[in-house]
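*Asks:* Before I ask anything, here is the structure I am working with.
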Amino acid sequence: MAEQQILEGAMAVAHAVSRCRPEVVAAYPITPQTHISEELSQIVADGDLDAEFVKVESEFGAASVILGASAAGARAYTATSSQGLLLMSEVLWNIAGMRLPVVLACANRSLSAPLSIWCDHQDAEAIRDCGIIQFYAEDNQEACDQHLIAYKVAEDRRVLLPAMVNLDGFLLTHVFEPTIIPDQAKADQYLPPYEAAMKLDVNDPATFGAFTEPDKCMEGRWMVHDACRRSLPVIEEASADFEKIFGRPSGGLLEEYHTDDADIILVAKGSLCGTIKDVVDVMRGEGTKVGLMRIKTYRPWPNEAVLRCLKNAKHVAVIERGASFGAGGVMTPEIKETLFDAGLAIPVSGYCVQLGGREVPPDGIREIVDRAAKGEKQTAYEYFRLKTEILPDLVPGA
Amino acid sequence: MSKKLLSTEKLSIGCVAPPGESLQNKTGAWRSMRPVFKQEACIGCRACELACPEGCVFGDPKKKQFDFDPDYCKGCGICANECPVDDIDMVMEEK
């Protein structure tokens, strides 16, 4: 039985990744991800992981190296944050389209400008549509475990897509928590060596992601959609297998926290859910029927599971660390679509509770629940507690 | 590479293609101008053939006859521009 240790999130993730035995790791430092790749390079240098650690000139290079490594049949890994993820983005769309099962971690961080190093989810959400499976961790143990599940799902022949583990920058990466690093023998049992269905071979050349004419391109892209949808039951299987081998539940599509009889269901992802659960506990004690649906798998969108969880709610409030400027939220419209397509007219409110790391105190969550309980109808996605007093004249010189 | 995963008839997972498959992709469809090789003043210098970025101009310098492959020609006009004896015209591609 592997022992619990008090570890920093990024360090714990690095060791969990090494248990997956990646053969190629390529990464470029960026706060708050840096400790993951730093520790992995140390593990490789110490001879504890038989992998090629490629020092690259940028995240574009890191993503390109793991693309090539995966196409050549190797298990490949990278980790990044924020601007780094965006610099990778062109390559990530190719990785998904070429159906290469690489795994990457994103230590979620705000996007510039204004410059911020602190947490929100806009980085990962900016590449939402590229065909990468996206998991979100609530704590460091889950972030570690989701890496093993990510490889298991990504490499499944029914899937063959990249997978990304999201862990909140600083809030998880730099926080020390009791964590169990997966035992190597069990990790090997769970995750056998990767055998590529197709790989680059100089003696038998092939082009990955080849040109398609307009009469075929949509079908080529649709296959990415299809594989992503197909991964839903595979994620559930891989999570069940994980529990069997490691003895603790991890992964899965959703966590349903006191949602069964809830009138008000909050929806969120990531570490913020810890705070929300505390508020749910307190408000339950006061007699408010409130629950939390935590999104663990964001892509593919777990439509049926979401519907099953929300269908009897009287009000749904989506609490986001993201936004779509000029429109509304990111997850909020997706929740609305799921409910609308099922013919359900449940009121849904959407809140951007923070961008760039502002603390979300429990009384903020409580206010959102109270407003839902009063039946307050929201007319637009709300930037919660926006400090209008610090805004300048919005039209200069007017 | 398992050959059964590759097919020239159907798409493959990851759109993986065997060598030479790009020949099947006729990429001349968006041409709005086409070259006309007049074959009147040609001196067989091969400037048109060598300048073509698509490699789709071909011919015989001894016979002083050149032409282009309409399946791949994009109508860029570089051949006509480079021809030292003005033996290539660019005309509107009309269908």
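So you can find residues: chains in the structure tokens are A, B, ... in the order shown, residues in each start at 1, and ligands are numbered from 1 in order.
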Please report, as JSON lines, each residue of chain B lying at most 6 Å from chain A, together with the nearest pair of atoms and the separation in Å rounded to one decimal; use only C-alpha atoms, and order rows by chain and ascending residue number.

*Replies:*
```
{"residue": "B:Met1", "atom": "CA", "partner": "A:Met198", "partner_atom": "CA", "distance": 5.4}
{"residue": "B:Gly14", "atom": "CA", "partner": "A:Met98", "partner_atom": "CA", "distance": 3.9}
{"residue": "B:Cys15", "atom": "CA", "partner": "A:Gly209", "partner_atom": "CA", "distance": 4.7}
{"residue": "B:Val16", "atom": "CA", "partner": "A:Phe208", "partner_atom": "CA", "distance": 4.3}
{"residue": "B:Ala17", "atom": "CA", "partner": "A:Thr207", "partner_atom": "CA", "distance": 5.0}
{"residue": "B:Pro18", "atom": "CA", "partner": "A:Ala206", "partner_atom": "CA", "distance": 4.7}
{"residue": "B:Pro19", "atom": "CA", "partner": "A:Ala206", "partner_atom": "CA", "distance": 5.7}
```

*Asks:* So that I can see what lies close to stretch 33-35 of chain B, please list as a ChimeraX atom specification the residues with an atom at most 8 Å from it, counting only C-alpha atoms and leaving out residues fewer than 6 positions away in the same chain.

*Replies:* /B:68,73-77,79-80,88-93

*Asks:* Among stretch 170-215 of chain A, which ones does DSSP place in alpha helix (DSSP H), written as a PyMOL selection string?

*Replies:* chain A and resi 184-190+214-215

*Asks:* Excluding same-chain residues fewer than 5 positions from A:Ser271, what lies within 7 Å of it counting only C-alpha atoms, as a VMD selection string?

*Replies:* chain A and resid 137 to 139 168

*Asks:* Keeping only N, CA and C atoms, take the residues you just selected and write them out as a PDB file, in the first residue's frame.

*Replies:*
```pdb
ATOM      1  N   ALA A 137      -9.393  18.776 -11.967  1.00  0.00           N
ATOM      2  CA  ALA A 137      -9.171  18.201 -10.642  1.00  0.00           C
ATOM      3  C   ALA A 137      -9.649  19.164  -9.563  1.00  0.00           C
ATOM      4  N   GLU A 138     -10.167  18.580  -8.485  1.00  0.00           N
ATOM      5  CA  GLU A 138     -10.541  19.417  -7.339  1.00  0.00           C
ATOM      6  C   GLU A 138      -9.391  19.519  -6.343  1.00  0.00           C
ATOM      7  N   ASP A 139      -8.623  18.423  -6.229  1.00  0.00           N
ATOM      8  CA  ASP A 139      -7.494  18.444  -5.293  1.00  0.00           C
ATOM      9  C   ASP A 139      -6.298  17.733  -5.930  1.00  0.00           C
ATOM     10  N   ASP A 168      -5.827  23.749 -10.940  1.00  0.00           N
ATOM     11  CA  ASP A 168      -5.808  25.195 -10.740  1.00  0.00           C
ATOM     12  C   ASP A 168      -4.424  25.674 -10.327  1.00  0.00           C
TER      13      ASP A 168
END
```

*Asks:* Would you list the contacts of A:Leu172 as a PyMOL selection string, taking every protein, DNA or RNA residue within 7 Å and counting only C-alpha atoms, but skipping same-chain residues closer than 3 positions in sequence?

*Replies:* chain A and resi 9+139-140+167-169+175

*Asks:* As a list in words, please: the residues near B:Pro53 (cut-off 9 Å, only C-alpha atoms, same-chain neighbours under 3 positions excluded).

*Replies:*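 The residues that qualify are Glu49, Leu50, Cys56, Cys76 and Ile78 of chain B.
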
*Asks:* Mind dumping a table of every stretch 93-203 of chain A residue within 12 Å of stretch 330-333 of chain A, with the nearest atom pair and its distance in Å to one decimal, using only C-alpha atoms, sorted by chain and rising number, as a Markdown table?

*Replies:*
```
| residue | atom | partner | partner_atom | distance |
| --- | --- | --- | --- | --- |
| A:His121 | CA | A:Val330 | CA | 9.9 |
| A:Gln122 | CA | A:Val330 | CA | 9.1 |
| A:Ala124 | CA | A:Val330 | CA | 11.1 |
| A:Glu125 | CA | A:Val330 | CA | 7.6 |
| A:Ala126 | CA | A:Val330 | CA | 9.7 |
| A:Ile127 | CA | A:Val330 | CA | 11.8 |
| A:Arg128 | CA | A:Val330 | CA | 9.6 |
| A:Asp129 | CA | A:Val330 | CA | 11.5 |
```

*Asks:* Any idea what's packed within 7 Å of stretch 317-320 of chain A, counting only C-alpha atoms, ignoring anything in its chain fewer than 6 positions away? Could you give it as a PyMOL selection string?

*Replies:* chain A and resi 265-268+332+348-353

*Asks:* Any chance you can output those residues with N, CA and C atoms as a tab-separated table (two decimals), in the first residue's frame?

*Replies:*
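Saved the output as out_34.tsv:
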```
chain	number	residue	atom	x	y	z
A	265	ILE	N	-29.17	23.70	-7.65
A	265	ILE	CA	-27.92	22.98	-7.92
A	265	ILE	C	-26.90	23.96	-8.49
A	266	LEU	N	-25.76	24.02	-7.84
A	266	LEU	CA	-24.64	24.83	-8.33
A	266	LEU	C	-23.80	23.96	-9.25
A	267	VAL	N	-23.22	24.56	-10.26
A	267	VAL	CA	-22.37	23.83	-11.20
A	267	VAL	C	-21.02	24.52	-11.24
A	268	ALA	N	-19.96	23.76	-11.09
A	268	ALA	CA	-18.62	24.35	-11.14
A	268	ALA	C	-17.61	23.27	-11.43
A	332	THR	N	-22.03	28.01	-18.91
A	332	THR	CA	-23.45	28.36	-18.72
A	332	THR	C	-24.29	28.06	-19.95
A	348	VAL	N	-31.63	29.08	-15.36
A	348	VAL	CA	-30.18	28.90	-15.19
A	348	VAL	C	-29.54	30.28	-15.05
A	349	SER	N	-28.82	30.51	-13.97
A	349	SER	CA	-28.05	31.75	-13.88
A	349	SER	C	-26.58	31.42	-14.04
A	350	GLY	N	-25.86	32.37	-14.60
A	350	GLY	CA	-24.43	32.16	-14.83
A	350	GLY	C	-23.62	33.29	-14.20
A	351	TYR	N	-22.57	32.91	-13.51
A	351	TYR	CA	-21.73	33.90	-12.83
A	351	TYR	C	-20.26	33.68	-13.16
A	352	CYS	N	-19.61	34.75	-13.56
A	352	CYS	CA	-18.15	34.74	-13.61
A	352	CYS	C	-17.69	35.22	-12.25
A	353	VAL	N	-17.25	34.31	-11.38
A	353	VAL	CA	-16.94	34.74	-10.01
A	353	VAL	C	-15.55	35.34	-9.89
```

*Asks:* If you count only C-alpha atoms, which residues fall within 8 Å of stretch 290-299 of chain A, apart from same-chain ones fewer than 3 positions away, as a ChimeraX atom specification?

*Replies:* /A:128,131-137,228,251-260,262-270,273,276-277,280,283-284,302,309,369

*Asks:* Mind giving me the straight-line distance from atom CA of A:Trp118 to atom CA of A:Glu90 in Å, one decimal?

*Replies:*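 Going from atom CA of A:Trp118 over to atom CA of A:Glu90, I get 23.8 Å.
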
*Asks:* May I ask which of the residues A:Asp188, A:Glu359, A:Glu23, A:Asp215 is the closest one to A:Leu49, counting only C-alpha atoms?

*Replies:*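 Of A:Asp188, A:Glu359, A:Glu23, A:Asp215, the one nearest A:Leu49 is A:Glu23, counting only C-alpha atoms.
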